[in-house]
$ cat coords.cif   # mmCIF, N, CA and C atoms
data_query
#
loop_
_atom_site.label_atom_id
_atom_site.label_comp_id
_atom_site.auth_asym_id
_atom_site.auth_seq_id
_atom_site.Cartn_x
_atom_site.Cartn_y
_atom_site.Cartn_z
N MET C 6 1.55 -42.82 0.78
CA MET C 6 1.91 -42.08 -0.40
C MET C 6 1.01 -40.85 -0.51
N ILE C 7 1.61 -39.71 -0.81
CA ILE C 7 0.85 -38.46 -0.96
C ILE C 7 0.52 -38.28 -2.43
N ASP C 8 -0.73 -38.08 -2.68
CA ASP C 8 -1.19 -37.87 -4.04
C ASP C 8 -1.55 -36.39 -4.20
N PHE C 9 -0.97 -35.73 -5.15
CA PHE C 9 -1.30 -34.32 -5.37
C PHE C 9 -1.31 -34.02 -6.86
N GLU C 10 -1.98 -32.96 -7.17
CA GLU C 10 -2.11 -32.55 -8.56
C GLU C 10 -1.17 -31.39 -8.85
N ILE C 11 -0.46 -31.47 -9.93
CA ILE C 11 0.40 -30.36 -10.35
C ILE C 11 -0.37 -29.54 -11.36
N LYS C 12 -0.57 -28.27 -11.03
CA LYS C 12 -1.32 -27.40 -11.93
C LYS C 12 -0.34 -26.71 -12.87
N GLU C 13 -0.79 -26.53 -14.08
CA GLU C 13 0.02 -25.86 -15.08
C GLU C 13 0.17 -24.39 -14.73
N LYS C 14 1.36 -23.87 -14.87
CA LYS C 14 1.61 -22.45 -14.70
C LYS C 14 1.78 -21.85 -16.08
N ARG C 15 1.28 -20.66 -16.24
CA ARG C 15 1.41 -19.98 -17.53
C ARG C 15 2.33 -18.79 -17.35
N TRP C 16 3.47 -18.85 -17.95
CA TRP C 16 4.43 -17.77 -17.88
C TRP C 16 4.20 -16.83 -19.06
N VAL C 17 4.15 -15.56 -18.77
CA VAL C 17 4.03 -14.56 -19.82
C VAL C 17 5.35 -13.81 -19.86
N LEU C 18 6.11 -14.04 -20.91
CA LEU C 18 7.42 -13.41 -21.03
C LEU C 18 7.29 -12.06 -21.72
N LYS C 19 8.03 -11.09 -21.22
CA LYS C 19 8.05 -9.77 -21.84
C LYS C 19 8.80 -9.86 -23.16
N SER C 20 8.44 -8.98 -24.06
CA SER C 20 9.13 -8.92 -25.35
C SER C 20 10.58 -8.51 -25.12
N PRO C 21 11.46 -8.99 -25.97
CA PRO C 21 12.86 -8.56 -25.86
C PRO C 21 12.96 -7.04 -26.03
N VAL C 22 13.91 -6.45 -25.35
CA VAL C 22 14.10 -5.00 -25.44
C VAL C 22 15.27 -4.68 -26.35
N ASP C 23 15.30 -3.46 -26.80
CA ASP C 23 16.37 -2.98 -27.67
C ASP C 23 17.66 -2.90 -26.84
N PHE C 24 18.64 -3.72 -27.21
CA PHE C 24 19.90 -3.79 -26.46
C PHE C 24 20.61 -2.44 -26.43
N ARG C 25 20.51 -1.68 -27.52
CA ARG C 25 21.18 -0.36 -27.57
C ARG C 25 20.55 0.59 -26.55
N LEU C 26 19.22 0.51 -26.40
CA LEU C 26 18.54 1.34 -25.41
C LEU C 26 18.95 0.94 -24.00
N VAL C 27 19.06 -0.37 -23.75
CA VAL C 27 19.52 -0.86 -22.44
C VAL C 27 20.91 -0.32 -22.14
N GLU C 28 21.82 -0.44 -23.09
CA GLU C 28 23.20 0.05 -22.91
C GLU C 28 23.22 1.55 -22.61
N SER C 29 22.50 2.30 -23.40
CA SER C 29 22.50 3.76 -23.27
C SER C 29 21.89 4.21 -21.94
N LEU C 30 20.71 3.69 -21.62
CA LEU C 30 20.02 4.10 -20.39
C LEU C 30 20.75 3.60 -19.15
N SER C 31 21.29 2.39 -19.22
CA SER C 31 22.07 1.85 -18.11
C SER C 31 23.25 2.75 -17.79
N SER C 32 23.92 3.20 -18.82
CA SER C 32 25.08 4.10 -18.64
C SER C 32 24.64 5.45 -18.09
N GLU C 33 23.56 5.98 -18.64
CA GLU C 33 23.06 7.29 -18.22
C GLU C 33 22.59 7.28 -16.77
N LEU C 34 21.95 6.18 -16.35
CA LEU C 34 21.43 6.08 -14.98
C LEU C 34 22.45 5.53 -14.00
N ASN C 35 23.51 4.94 -14.53
CA ASN C 35 24.54 4.30 -13.71
C ASN C 35 23.94 3.16 -12.86
N ILE C 36 23.13 2.32 -13.53
CA ILE C 36 22.55 1.15 -12.87
C ILE C 36 22.82 -0.07 -13.75
N SER C 37 22.55 -1.24 -13.21
CA SER C 37 22.83 -2.48 -13.94
C SER C 37 21.93 -2.61 -15.17
N LYS C 38 22.39 -3.40 -16.11
CA LYS C 38 21.62 -3.65 -17.32
C LYS C 38 20.36 -4.46 -17.00
N THR C 39 20.44 -5.30 -15.99
CA THR C 39 19.27 -6.08 -15.59
C THR C 39 18.15 -5.16 -15.09
N LEU C 40 18.50 -4.24 -14.21
CA LEU C 40 17.51 -3.29 -13.70
C LEU C 40 17.02 -2.39 -14.82
N THR C 41 17.90 -1.97 -15.68
CA THR C 41 17.51 -1.13 -16.82
C THR C 41 16.53 -1.86 -17.72
N THR C 42 16.77 -3.15 -17.96
CA THR C 42 15.87 -3.96 -18.79
C THR C 42 14.47 -4.00 -18.17
N ILE C 43 14.41 -4.18 -16.86
CA ILE C 43 13.11 -4.20 -16.17
C ILE C 43 12.40 -2.86 -16.32
N LEU C 44 13.15 -1.77 -16.16
CA LEU C 44 12.55 -0.44 -16.34
C LEU C 44 11.97 -0.28 -17.74
N ILE C 45 12.74 -0.68 -18.73
CA ILE C 45 12.30 -0.54 -20.12
C ILE C 45 11.06 -1.41 -20.36
N GLN C 46 11.03 -2.60 -19.79
CA GLN C 46 9.86 -3.46 -19.94
C GLN C 46 8.62 -2.85 -19.28
N ARG C 47 8.83 -1.99 -18.32
CA ARG C 47 7.72 -1.28 -17.66
C ARG C 47 7.38 0.02 -18.38
N GLY C 48 8.05 0.29 -19.49
CA GLY C 48 7.74 1.48 -20.27
C GLY C 48 8.56 2.70 -19.91
N ILE C 49 9.56 2.54 -19.05
CA ILE C 49 10.42 3.65 -18.64
C ILE C 49 11.64 3.62 -19.54
N LYS C 50 11.73 4.62 -20.43
CA LYS C 50 12.75 4.57 -21.46
C LYS C 50 13.65 5.80 -21.53
N SER C 51 13.53 6.69 -20.55
CA SER C 51 14.38 7.88 -20.56
C SER C 51 14.85 8.19 -19.15
N TYR C 52 15.86 9.05 -19.08
CA TYR C 52 16.40 9.47 -17.79
C TYR C 52 15.30 10.14 -16.97
N GLU C 53 14.52 11.03 -17.59
CA GLU C 53 13.46 11.76 -16.87
C GLU C 53 12.37 10.82 -16.35
N GLU C 54 12.00 9.83 -17.15
CA GLU C 54 10.99 8.86 -16.70
C GLU C 54 11.53 8.03 -15.54
N ALA C 55 12.81 7.66 -15.60
CA ALA C 55 13.43 6.90 -14.51
C ALA C 55 13.51 7.75 -13.24
N LYS C 56 13.87 8.99 -13.41
CA LYS C 56 13.95 9.90 -12.27
C LYS C 56 12.58 10.03 -11.59
N SER C 57 11.54 10.18 -12.40
CA SER C 57 10.19 10.29 -11.86
C SER C 57 9.77 9.00 -11.16
N PHE C 58 10.23 7.85 -11.69
CA PHE C 58 9.90 6.54 -11.10
C PHE C 58 10.60 6.35 -9.75
N PHE C 59 11.90 6.66 -9.70
CA PHE C 59 12.68 6.43 -8.48
C PHE C 59 12.53 7.54 -7.45
N ARG C 60 12.25 8.76 -7.89
CA ARG C 60 12.11 9.89 -6.98
C ARG C 60 10.84 10.66 -7.31
N PRO C 61 9.69 10.06 -7.05
CA PRO C 61 8.44 10.71 -7.43
C PRO C 61 8.17 11.95 -6.57
N SER C 62 7.48 12.89 -7.14
CA SER C 62 7.06 14.07 -6.38
C SER C 62 5.58 13.90 -6.05
N ILE C 63 5.09 14.78 -5.22
CA ILE C 63 3.67 14.72 -4.84
C ILE C 63 2.79 14.86 -6.08
N ASP C 64 3.27 15.57 -7.08
CA ASP C 64 2.49 15.76 -8.31
C ASP C 64 2.36 14.47 -9.12
N ASP C 65 3.23 13.48 -8.85
CA ASP C 65 3.19 12.21 -9.58
C ASP C 65 2.17 11.23 -9.01
N LEU C 66 1.62 11.55 -7.83
CA LEU C 66 0.66 10.65 -7.20
C LEU C 66 -0.70 10.73 -7.89
N HIS C 67 -1.42 9.63 -7.86
CA HIS C 67 -2.78 9.61 -8.40
C HIS C 67 -3.69 10.41 -7.48
N ASP C 68 -4.72 10.98 -8.03
CA ASP C 68 -5.71 11.70 -7.25
C ASP C 68 -6.49 10.69 -6.42
N PRO C 69 -6.41 10.74 -5.09
CA PRO C 69 -7.12 9.76 -4.26
C PRO C 69 -8.64 9.83 -4.42
N PHE C 70 -9.15 10.96 -4.88
CA PHE C 70 -10.60 11.09 -5.05
C PHE C 70 -11.11 10.36 -6.28
N LEU C 71 -10.20 9.71 -7.03
CA LEU C 71 -10.63 8.83 -8.11
C LEU C 71 -11.16 7.50 -7.55
N MET C 72 -10.82 7.22 -6.27
CA MET C 72 -11.33 6.01 -5.62
C MET C 72 -12.80 6.22 -5.26
N LYS C 73 -13.60 5.19 -5.48
CA LYS C 73 -15.04 5.27 -5.20
C LYS C 73 -15.29 5.66 -3.74
N ASP C 74 -16.14 6.62 -3.56
CA ASP C 74 -16.62 7.07 -2.24
C ASP C 74 -15.53 7.67 -1.34
N MET C 75 -14.41 8.10 -1.92
CA MET C 75 -13.38 8.74 -1.10
C MET C 75 -13.93 9.99 -0.42
N ASP C 76 -14.78 10.72 -1.10
CA ASP C 76 -15.37 11.92 -0.50
C ASP C 76 -16.18 11.57 0.75
N LYS C 77 -16.89 10.45 0.72
CA LYS C 77 -17.66 10.02 1.89
C LYS C 77 -16.74 9.63 3.04
N ALA C 78 -15.63 8.97 2.71
CA ALA C 78 -14.68 8.56 3.75
C ALA C 78 -14.05 9.79 4.41
N ILE C 79 -13.69 10.78 3.62
CA ILE C 79 -13.08 12.00 4.17
C ILE C 79 -14.10 12.77 5.00
N ASP C 80 -15.34 12.84 4.51
CA ASP C 80 -16.39 13.51 5.29
C ASP C 80 -16.57 12.84 6.64
N ARG C 81 -16.55 11.51 6.66
CA ARG C 81 -16.75 10.78 7.93
C ARG C 81 -15.57 11.00 8.86
N LEU C 82 -14.38 11.00 8.32
CA LEU C 82 -13.18 11.24 9.13
C LEU C 82 -13.21 12.66 9.71
N ASN C 83 -13.57 13.63 8.89
CA ASN C 83 -13.67 15.02 9.37
C ASN C 83 -14.73 15.15 10.45
N LYS C 84 -15.86 14.46 10.28
CA LYS C 84 -16.92 14.49 11.28
C LYS C 84 -16.42 13.92 12.61
N ALA C 85 -15.68 12.81 12.55
CA ALA C 85 -15.15 12.20 13.78
C ALA C 85 -14.19 13.15 14.49
N ILE C 86 -13.36 13.82 13.73
CA ILE C 86 -12.41 14.77 14.33
C ILE C 86 -13.16 15.95 14.93
N LYS C 87 -14.11 16.49 14.19
CA LYS C 87 -14.90 17.63 14.67
C LYS C 87 -15.64 17.29 15.96
N ASN C 88 -16.19 16.06 16.02
CA ASN C 88 -16.97 15.64 17.19
C ASN C 88 -16.12 14.99 18.28
N LYS C 89 -14.79 15.01 18.10
CA LYS C 89 -13.85 14.46 19.08
C LYS C 89 -14.11 12.98 19.38
N GLU C 90 -14.46 12.23 18.34
CA GLU C 90 -14.69 10.79 18.48
C GLU C 90 -13.37 10.05 18.52
N LYS C 91 -13.37 8.92 19.21
CA LYS C 91 -12.18 8.06 19.20
C LYS C 91 -12.10 7.34 17.86
N ILE C 92 -10.92 7.35 17.26
CA ILE C 92 -10.71 6.73 15.95
C ILE C 92 -9.71 5.58 16.12
N LEU C 93 -10.05 4.44 15.53
CA LEU C 93 -9.18 3.27 15.57
C LEU C 93 -8.70 2.95 14.16
N ILE C 94 -7.38 2.89 13.99
CA ILE C 94 -6.79 2.47 12.72
C ILE C 94 -6.58 0.96 12.83
N TYR C 95 -7.27 0.21 11.99
CA TYR C 95 -7.30 -1.25 12.06
C TYR C 95 -6.53 -1.82 10.88
N GLY C 96 -5.53 -2.65 11.18
CA GLY C 96 -4.71 -3.20 10.11
C GLY C 96 -4.58 -4.70 10.19
N ASP C 97 -3.62 -5.22 9.45
CA ASP C 97 -3.29 -6.63 9.51
C ASP C 97 -1.86 -6.78 10.01
N TYR C 98 -1.52 -7.99 10.39
CA TYR C 98 -0.21 -8.26 10.98
C TYR C 98 0.87 -8.44 9.93
N ASP C 99 0.50 -8.51 8.66
CA ASP C 99 1.53 -8.71 7.62
C ASP C 99 2.25 -7.40 7.34
N VAL C 100 3.26 -7.47 6.51
CA VAL C 100 4.12 -6.30 6.29
C VAL C 100 3.35 -5.11 5.73
N ASP C 101 2.54 -5.32 4.70
CA ASP C 101 1.81 -4.17 4.15
C ASP C 101 0.75 -3.67 5.12
N GLY C 102 0.20 -4.57 5.94
CA GLY C 102 -0.79 -4.16 6.94
C GLY C 102 -0.18 -3.31 8.03
N THR C 103 0.93 -3.74 8.58
CA THR C 103 1.57 -2.97 9.66
C THR C 103 2.14 -1.65 9.12
N THR C 104 2.65 -1.68 7.90
CA THR C 104 3.18 -0.46 7.30
C THR C 104 2.07 0.56 7.07
N SER C 105 0.94 0.10 6.53
CA SER C 105 -0.15 1.03 6.27
C SER C 105 -0.73 1.59 7.57
N VAL C 106 -0.80 0.77 8.61
CA VAL C 106 -1.27 1.26 9.90
C VAL C 106 -0.30 2.32 10.44
N ALA C 107 0.99 2.04 10.36
CA ALA C 107 1.99 2.99 10.87
C ALA C 107 1.91 4.32 10.12
N LEU C 108 1.80 4.26 8.81
CA LEU C 108 1.73 5.49 8.02
C LEU C 108 0.45 6.27 8.29
N THR C 109 -0.68 5.58 8.30
CA THR C 109 -1.97 6.25 8.53
C THR C 109 -2.02 6.83 9.94
N TYR C 110 -1.61 6.04 10.92
CA TYR C 110 -1.61 6.50 12.31
C TYR C 110 -0.70 7.71 12.48
N SER C 111 0.52 7.62 11.96
CA SER C 111 1.49 8.73 12.09
C SER C 111 0.96 10.00 11.44
N PHE C 112 0.36 9.87 10.28
CA PHE C 112 -0.18 11.04 9.59
C PHE C 112 -1.32 11.66 10.38
N LEU C 113 -2.32 10.84 10.75
CA LEU C 113 -3.48 11.38 11.45
C LEU C 113 -3.12 11.91 12.84
N LYS C 114 -2.13 11.30 13.47
CA LYS C 114 -1.72 11.71 14.82
C LYS C 114 -1.17 13.15 14.82
N THR C 115 -0.65 13.59 13.69
CA THR C 115 -0.15 14.97 13.63
C THR C 115 -1.29 15.98 13.66
N TYR C 116 -2.53 15.54 13.36
CA TYR C 116 -3.69 16.42 13.33
C TYR C 116 -4.68 16.17 14.46
N TYR C 117 -4.60 14.98 15.06
CA TYR C 117 -5.64 14.57 15.99
C TYR C 117 -5.08 13.60 17.01
N ASP C 118 -5.38 13.81 18.28
CA ASP C 118 -4.80 12.98 19.34
C ASP C 118 -5.65 11.79 19.76
N ASN C 119 -6.94 11.84 19.53
CA ASN C 119 -7.83 10.80 20.05
C ASN C 119 -7.89 9.62 19.08
N ILE C 120 -6.74 9.01 18.89
CA ILE C 120 -6.57 7.98 17.87
C ILE C 120 -5.70 6.86 18.41
N ASP C 121 -5.97 5.64 17.99
CA ASP C 121 -5.15 4.50 18.37
C ASP C 121 -5.16 3.51 17.20
N PHE C 122 -4.48 2.39 17.38
CA PHE C 122 -4.42 1.40 16.31
C PHE C 122 -4.64 0.01 16.87
N TYR C 123 -4.97 -0.91 15.98
CA TYR C 123 -5.19 -2.30 16.37
C TYR C 123 -4.63 -3.21 15.29
N LEU C 124 -3.81 -4.15 15.72
CA LEU C 124 -3.30 -5.21 14.84
C LEU C 124 -3.73 -6.54 15.44
N PRO C 125 -4.46 -7.34 14.68
CA PRO C 125 -4.97 -8.60 15.23
C PRO C 125 -3.85 -9.62 15.50
N ASP C 126 -4.12 -10.51 16.41
CA ASP C 126 -3.22 -11.61 16.71
C ASP C 126 -3.36 -12.64 15.59
N ARG C 127 -2.27 -12.93 14.95
CA ARG C 127 -2.29 -13.83 13.78
C ARG C 127 -2.86 -15.20 14.11
N GLU C 128 -2.42 -15.75 15.23
CA GLU C 128 -2.83 -17.11 15.61
C GLU C 128 -4.28 -17.16 16.09
N LYS C 129 -4.69 -16.18 16.87
CA LYS C 129 -6.02 -16.21 17.48
C LYS C 129 -7.12 -15.64 16.58
N GLU C 130 -6.78 -14.62 15.78
CA GLU C 130 -7.81 -13.92 15.04
C GLU C 130 -7.79 -14.17 13.54
N GLY C 131 -6.68 -14.68 13.05
CA GLY C 131 -6.59 -14.91 11.61
C GLY C 131 -6.40 -13.62 10.84
N TYR C 132 -6.72 -13.67 9.57
CA TYR C 132 -6.48 -12.55 8.67
C TYR C 132 -7.76 -11.74 8.47
N GLY C 133 -7.63 -10.43 8.42
CA GLY C 133 -8.78 -9.57 8.16
C GLY C 133 -9.43 -9.08 9.44
N ILE C 134 -10.52 -8.39 9.28
CA ILE C 134 -11.25 -7.85 10.44
C ILE C 134 -11.87 -9.00 11.21
N SER C 135 -11.66 -8.99 12.52
CA SER C 135 -12.12 -10.09 13.36
C SER C 135 -13.14 -9.60 14.39
N THR C 136 -13.88 -10.53 14.92
CA THR C 136 -14.83 -10.23 15.99
C THR C 136 -14.08 -9.66 17.19
N ALA C 137 -12.91 -10.22 17.50
CA ALA C 137 -12.12 -9.74 18.63
C ALA C 137 -11.72 -8.28 18.43
N GLY C 138 -11.38 -7.92 17.20
CA GLY C 138 -11.01 -6.53 16.90
C GLY C 138 -12.19 -5.58 17.05
N ILE C 139 -13.35 -6.01 16.58
CA ILE C 139 -14.57 -5.20 16.72
C ILE C 139 -14.94 -5.07 18.20
N ASP C 140 -14.81 -6.18 18.94
CA ASP C 140 -15.08 -6.13 20.39
C ASP C 140 -14.13 -5.16 21.08
N PHE C 141 -12.85 -5.18 20.70
CA PHE C 141 -11.86 -4.25 21.27
C PHE C 141 -12.31 -2.81 21.02
N ALA C 142 -12.73 -2.52 19.79
CA ALA C 142 -13.17 -1.17 19.45
C ALA C 142 -14.38 -0.77 20.29
N SER C 143 -15.33 -1.66 20.41
CA SER C 143 -16.55 -1.38 21.18
C SER C 143 -16.24 -1.18 22.66
N GLU C 144 -15.45 -2.08 23.23
CA GLU C 144 -15.11 -2.00 24.66
C GLU C 144 -14.32 -0.75 25.00
N ASN C 145 -13.63 -0.18 24.02
CA ASN C 145 -12.80 1.00 24.26
C ASN C 145 -13.41 2.27 23.66
N ASN C 146 -14.69 2.20 23.34
CA ASN C 146 -15.47 3.36 22.90
C ASN C 146 -14.97 4.04 21.63
N PHE C 147 -14.42 3.26 20.71
CA PHE C 147 -14.04 3.83 19.41
C PHE C 147 -15.31 3.98 18.60
N LYS C 148 -15.49 5.14 17.99
CA LYS C 148 -16.70 5.42 17.20
C LYS C 148 -16.46 5.25 15.71
N LEU C 149 -15.19 5.29 15.30
CA LEU C 149 -14.85 5.14 13.88
C LEU C 149 -13.68 4.18 13.76
N ILE C 150 -13.81 3.21 12.88
CA ILE C 150 -12.73 2.29 12.57
C ILE C 150 -12.31 2.54 11.13
N VAL C 151 -11.04 2.84 10.94
CA VAL C 151 -10.47 3.01 9.60
C VAL C 151 -9.70 1.75 9.32
N ALA C 152 -10.14 0.99 8.31
CA ALA C 152 -9.50 -0.29 8.00
C ALA C 152 -8.90 -0.26 6.62
#

$ encode --input "coords.cif" --output "structure tokens"
Amino acid sequence: MIDFEIKEKRWVLKSPVDFRLVESLSSELNISKTLTTILIQRGIKSYEEAKSFFRPSIDDLHDPFLMKDMDKAIDRLNKAIKNKEKILIYGDYDVDGTTSVALTYSFLKTYYDNIDFYLPDREKEGYGISTAGIDFASENNFKLIVA
């Protein structure tokens, strides 16, 4: 017999939304009422806000320099490029990991050729930065690892 503990889950339900607003915005956006309800629960209550949500412009992005030490990271990346150092983009094998590696690699490759990427073997290395990945970087003379 397997003995296990069932942990309580706490569901936090969103407040009901104004049905008239759902009807109006759903019609204006030509999307389902279910999707419109989700948008309204996220604070998107107009055509312009929905447009900005679904089709953001570069001006809608957060300033990346609000992240701690972003200036140091950019300085180090610029130094590596200036000194023609080998750069390794290190990711994870999951969907967001492979996607972020592909995007970062593709972007940097347009500016710099001495770059490669590394995705760890799920079974052998597990999740996150691994000794095998660091060894790969060292054995292949990478001077900067972007993870």

$ select_by_dssp --input "coords.cif" --residues "stretch 34-112 of chain C" --states "helix (DSSP H, G or I)" --output "VMD selection string"
chain C and resid 34 38 to 46 52 to 59 63 to 65 69 to 71 75 to 87 100 to 112

$ residues_around --input "coords.cif" --residues "C:Gly138" --least-positions-apart "4" --cutoff "9 Å" --atoms "only C-alpha atoms" --output "PyMOL selection string"
chain C and resi 95+123-125+130+134+142-143

$ axis_aligned_box --input "coords.cif" --around "stretch 51-67 of chain C" --padding-each-side "3 Å" --output "JSON"
{"center_x": 6.4, "center_y": 11.1, "center_z": -12.7, "size_x": 26.1, "size_y": 15.4, "size_z": 21.7}

$ atom_distance --input "coords.cif" --atom1 "atom CA of C:Glu33" --atom2 "atom CA of C:Val17"
29.0 Å

$ closest_residue --input "coords.cif" --among "C:Glu90, C:Val100, C:Ser111, C:Asp118" --to "C:Phe147" --atoms "only N, CA and C atoms"
C:Glu90

$ atom_distance --input "coords.cif" --atom1 "atom N of C:Lys14" --atom2 "atom CA of C:Arg47"
23.6 Å

$ atom_distance --input "coords.cif" --atom1 "atom CA of C:Phe122" --atom2 "atom CA of C:Asp80"
20.3 Å

$ select_by_dssp --input "coords.cif" --residues "stretch 8-133 of chain C" --states "strand (DSSP E)" --output "PyMOL selection string"
chain C and resi 91-95+120-123
